[in-house]
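Chemist: What follows is my_file16.cif, made up of mmCIF, C-alpha atoms and all ligand atoms:
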data_final
loop_
_atom_site.label_atom_id
_atom_site.label_comp_id
_atom_site.auth_asym_id
_atom_site.auth_seq_id
_atom_site.Cartn_x
_atom_site.Cartn_y
_atom_site.Cartn_z
CA MET A 1 36.84 -14.55 -67.15
CA ARG A 2 36.03 -17.54 -64.99
CA VAL A 3 32.47 -18.13 -63.82
CA SER A 4 31.91 -20.35 -60.80
CA CYS A 5 28.45 -21.44 -59.75
CA VAL A 6 26.52 -24.44 -58.49
CA VAL A 7 24.67 -26.25 -61.27
CA ASN A 8 22.20 -28.98 -60.36
CA GLY A 9 23.81 -29.25 -56.94
CA GLU A 10 27.40 -29.51 -58.14
CA PRO A 11 30.08 -26.79 -58.08
CA ARG A 12 31.00 -25.98 -61.70
CA GLU A 13 33.48 -23.61 -63.33
CA ALA A 14 33.63 -22.22 -66.83
CA ASP A 15 36.82 -20.57 -68.10
CA ASP A 16 37.42 -18.05 -70.85
CA VAL A 17 33.87 -16.73 -70.63
CA TRP A 18 33.38 -13.63 -72.72
CA PRO A 19 31.72 -10.77 -70.75
CA GLY A 20 28.77 -10.69 -73.15
CA GLU A 21 28.16 -14.42 -73.02
CA SER A 22 24.81 -15.68 -71.78
CA LEU A 23 24.16 -18.21 -69.06
CA LEU A 24 22.44 -20.26 -71.76
CA TYR A 25 25.64 -20.42 -73.81
CA VAL A 26 27.71 -21.39 -70.79
CA LEU A 27 25.30 -24.17 -69.82
CA ARG A 28 25.10 -25.64 -73.31
CA GLU A 29 28.52 -25.02 -74.78
CA ARG A 30 30.88 -24.91 -71.82
CA LEU A 31 29.27 -27.14 -69.19
CA GLY A 32 27.85 -29.84 -71.47
CA LEU A 33 24.21 -29.39 -70.51
CA PRO A 34 22.27 -29.24 -73.79
CA GLY A 35 18.87 -29.92 -72.21
CA THR A 36 18.20 -26.18 -71.99
CA LYS A 37 17.27 -25.16 -75.51
CA ASN A 38 18.17 -22.12 -77.57
CA ALA A 39 15.34 -21.14 -79.88
CA CYS A 40 15.16 -17.33 -80.02
CA GLU A 41 17.96 -15.97 -77.81
CA GLN A 42 15.76 -12.92 -77.24
CA GLY A 43 13.66 -13.80 -74.21
CA GLU A 44 10.60 -14.50 -76.35
CA CYS A 45 10.09 -18.27 -76.37
CA GLY A 46 10.90 -19.69 -72.92
CA SER A 47 12.78 -22.69 -74.31
CA CYS A 48 15.79 -21.71 -72.19
CA THR A 49 13.91 -21.56 -68.85
CA VAL A 50 16.06 -22.51 -65.84
CA TYR A 51 16.06 -21.74 -62.14
CA LEU A 52 18.52 -19.14 -60.88
CA ASP A 53 18.58 -19.14 -57.08
CA GLY A 54 15.17 -20.80 -57.15
CA VAL A 55 13.52 -18.29 -59.50
CA VAL A 56 12.73 -19.19 -63.10
CA VAL A 57 14.52 -17.05 -65.67
CA CYS A 58 15.26 -17.11 -69.37
CA ALA A 59 18.90 -18.19 -69.44
CA CYS A 60 19.43 -16.38 -72.73
CA LEU A 61 18.75 -13.07 -70.97
CA VAL A 62 21.10 -13.71 -68.04
CA ALA A 63 24.71 -12.67 -68.53
CA ALA A 64 26.98 -15.53 -67.52
CA GLY A 65 28.72 -13.28 -65.00
CA GLN A 66 25.41 -12.77 -63.20
CA ALA A 67 25.45 -16.46 -62.26
CA GLU A 68 28.75 -16.10 -60.37
CA GLY A 69 28.40 -17.68 -56.93
CA ARG A 70 24.76 -18.55 -57.50
CA SER A 71 22.73 -21.72 -57.88
CA VAL A 72 21.39 -22.84 -61.25
CA ARG A 73 19.00 -25.72 -61.81
CA THR A 74 18.31 -26.97 -65.29
CA VAL A 75 15.95 -29.58 -66.70
CA GLU A 76 18.73 -32.15 -66.23
CA GLY A 77 18.58 -31.40 -62.50
CA LEU A 78 14.91 -32.33 -62.26
CA ALA A 79 15.56 -36.00 -62.97
CA ALA A 80 17.07 -36.77 -59.57
CA GLY A 81 19.00 -40.03 -59.43
CA GLY A 82 18.00 -40.86 -62.98
CA ALA A 83 14.28 -40.98 -62.16
CA LEU A 84 12.12 -38.64 -64.19
CA ASP A 85 10.36 -35.82 -62.42
CA PRO A 86 6.57 -36.41 -62.32
CA VAL A 87 6.17 -33.46 -64.69
CA GLN A 88 8.47 -35.17 -67.19
CA GLU A 89 6.49 -38.42 -66.85
CA ALA A 90 3.23 -36.54 -67.34
CA PHE A 91 4.49 -34.92 -70.56
CA LEU A 92 5.42 -38.34 -71.93
CA GLU A 93 2.09 -39.89 -70.94
CA ALA A 94 0.08 -37.05 -72.42
CA GLY A 95 1.98 -37.02 -75.70
CA ALA A 96 2.85 -33.38 -75.06
CA VAL A 97 6.21 -33.68 -76.82
CA GLN A 98 6.54 -33.37 -80.58
CA CYS A 99 9.75 -31.77 -81.83
CA GLY A 100 10.70 -31.29 -78.17
CA PHE A 101 12.31 -27.91 -78.58
CA CYS A 102 9.95 -26.20 -76.15
CA THR A 103 9.72 -29.16 -73.78
CA PRO A 104 12.61 -28.59 -71.33
CA GLY A 105 11.58 -24.99 -70.74
CA LEU A 106 7.94 -25.97 -70.31
CA ILE A 107 8.83 -28.71 -67.86
CA VAL A 108 10.86 -26.33 -65.70
CA ALA A 109 8.04 -23.75 -65.85
CA VAL A 110 5.39 -26.35 -64.96
CA ARG A 111 7.49 -27.69 -62.09
CA ASP A 112 7.78 -24.15 -60.77
CA LEU A 113 4.04 -23.50 -61.19
CA ILE A 114 3.00 -26.65 -59.33
CA ASP A 115 5.48 -25.97 -56.52
CA ARG A 116 3.95 -22.51 -56.09
CA ASN A 117 0.34 -23.51 -56.76
CA PRO A 118 -0.36 -27.23 -56.27
CA ALA A 119 -3.88 -26.98 -57.71
CA PRO A 120 -3.76 -24.53 -60.62
CA SER A 121 -6.83 -23.87 -62.74
CA ASP A 122 -6.52 -24.04 -66.51
CA ALA A 123 -6.44 -20.23 -66.48
CA ASP A 124 -3.58 -20.29 -63.97
CA VAL A 125 -1.70 -22.72 -66.20
CA ARG A 126 -2.24 -20.66 -69.33
CA GLU A 127 -1.06 -17.53 -67.54
CA ALA A 128 1.99 -19.24 -66.02
CA LEU A 129 3.01 -20.70 -69.38
CA ALA A 130 2.27 -17.61 -71.46
CA GLY A 131 5.99 -17.06 -71.96
CA ASN A 132 6.65 -20.60 -73.20
CA LEU A 133 5.88 -20.93 -76.90
CA CYS A 134 5.19 -24.24 -78.62
CA ARG A 135 4.97 -24.39 -82.39
CA CYS A 136 3.79 -28.00 -82.60
CA THR A 137 1.24 -29.22 -80.09
CA GLY A 138 -1.52 -26.61 -80.08
CA TYR A 139 -1.12 -26.59 -76.27
CA GLU A 140 -4.00 -29.00 -75.51
CA HIS A 141 -1.65 -31.92 -74.83
CA ILE A 142 0.48 -29.62 -72.69
CA LEU A 143 -2.56 -28.66 -70.62
CA ASP A 144 -3.39 -32.35 -70.30
CA ALA A 145 0.17 -33.02 -69.14
CA VAL A 146 -0.10 -30.33 -66.46
CA ARG A 147 -3.39 -31.81 -65.21
CA ARG A 148 -1.74 -35.23 -65.01
CA ALA A 149 1.28 -33.79 -63.20
CA VAL A 150 -0.97 -32.01 -60.69
CA ALA A 151 -2.66 -35.32 -59.90
CA ARG A 152 0.65 -36.99 -59.08
CA PRO A 153 2.25 -37.09 -55.64
CA VAL A 154 4.72 -34.32 -54.85
CA PRO A 155 8.27 -35.63 -55.41
S1 LIG A 201 16.01 -18.89 -76.18
FE1 LIG A 201 15.69 -17.77 -74.36
S2 LIG A 201 13.62 -17.10 -74.45
FE2 LIG A 201 13.97 -18.08 -76.38
S1 LIG A 202 6.88 -29.63 -79.32
FE1 LIG A 202 7.77 -28.53 -80.97
S2 LIG A 202 7.80 -26.47 -80.25
FE2 LIG A 202 6.70 -27.55 -78.75
#
Write out the structure in this file as structure tokens.
Ligand code: FES
Ligand code: FES
Modeler:
Amino acid sequence: MRVSCVVNGEPREADDVWPGESLLYVLRERLGLPGTKNACEQGECGSCTVYLDGVVVCACLVAAGQAEGRSVRTVEGLAAGGALDPVQEAFLEAGAVQCGFCTPGLIVAVRDLIDRNPAPSDADVREALAGNLCRCTGYEHILDAVRRAVARPVP
């Protein structure tokens, strides 16, 4: 089947999509957007976090057909005009990236958190990111990155 949706502001189409295929697969393998990572494919790790109609979801749990006619925003879509999103800059500054596998999902989740709650407490951050697993950093640098991002002007 063909799936048509808007991805990062542009109309996109994917052909020959199998009914059981995930949105994650379509983004990475059919639309050339590998920023969204595939770590568990079971909704457990958050590395595939994207926006679907403005709500963060695990793309591995969304059937590609569910995206028909809808709007998807991936980590690639946060860097408008080639400029990094302040959350991306904050992750770099804080050294919150090691292997980087969790990073795109975390950045989308942090962007969403700050848009909903511009002054989150550490407890708010930990709760909001509870579904995003990182095997490398021990989370302290990620918390530091969120604090830095909160202190930056809204894009
Ligand atoms: S790859 Fe989707 S939650 Fe892990
Ligand atoms: S930086 Fe490696 S999993 Fe988070």
Chemist: Could you list the protein, DNA and RNA residues that have any atom within 12 Å of ligand LIG 202 (chain A), counting all atoms listed in the file, and write them as a ChimeraX atom specification?
Modeler: /A:37-40,45-47,91-92,95-107,132-142
Chemist: For stretch 108-122 of chain A, I'd like the enclosing box, axis-aligned and padded by 4 Å on every side, reported as JSON with centre and edge lengths in Å to one decimal.
Modeler:
{"center_x": 2.0, "center_y": -25.1, "center_z": -61.3, "size_x": 25.7, "size_y": 13.2, "size_z": 18.4}
Chemist: Considering all atoms listed in the file, can you say which of A:Thr74, A:Ser121, A:Asn8, A:Thr49 comes closest to ligand LIG 201 (chain A)?
Modeler: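 Counting all atoms listed in the file, the residue closest to ligand LIG 201 (chain A) is A:Thr49.
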Chemist: Which polymer residues, whether protein, DNA or RNA, lie within 6 Å of the coordinate (10.9, -22.8, -63.9) when you count only C-alpha atoms? List them as a VMD selection string, using the chain letters and numbers from the file.
Modeler: chain A and resid 49 to 51 56 108 to 109 112
Chemist: May I have the residues within 12 Å of stretch 20-27 of chain A as a PyMOL selection string, using only C-alpha atoms and disregarding those fewer than 3 positions away in the same chain?
Modeler: chain A and resi 1-8+12-17+30-43+46-52+57-68+70-76+105
Chemist: For atom CA of A:Asp122 and atom CA of A:Gly77, determine how far apart the two atoms are, in Å to one decimal place.
Modeler: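 Computing it gives 26.5 Å between the two atoms.
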Chemist: In terms of the shortest atom-to-atom distance over all atoms listed in the file, which of A:Asp85, A:Ala130, A:Arg147, A:Leu113 is closest to ligand LIG 201 (chain A)?
Modeler: A:Ala130
Chemist: Taking into account all atoms listed in the file, which residue in the set A:Ala80, A:Ala90, A:Leu143, A:Val150 is nearest to A:Arg116?
Modeler: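 Closest to A:Arg116, using all atoms listed in the file: A:Val150.
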Chemist: Between A:Asp144, A:Gly9, A:Gly131, A:Glu29, which is the closest to ligand LIG 201 (chain A) once you count only C-alpha atoms and all ligand atoms?
Modeler: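 For ligand LIG 201 (chain A), the nearest of the given residues is A:Gly131.
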Chemist: From the list A:Arg28, A:Val87, A:Arg126, A:Leu78, which residue is nearest ligand LIG 201 (chain A) when using only C-alpha atoms and all ligand atoms?
Modeler: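 The shortest atom-to-atom distance to ligand LIG 201 (chain A) comes from A:Arg28.
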Chemist: Could you tell me how far atom CA of A:Ala94 sits from atom CA of A:Gly82, in Å to one decimal place?
Modeler: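 Those two atoms sit 20.6 Å apart.
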Chemist: Return the single residue from A:Arg148, A:Trp18, A:Glu89, A:Gly81 that is closest to A:Ile114, with distances computed using all atoms listed in the file.
Modeler: A:Arg148
Chemist: One number please: atom CA of A:Ala83 to atom CA of A:Ala123, in Å, one decimal.
Modeler: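 It comes out at 29.6 Å.
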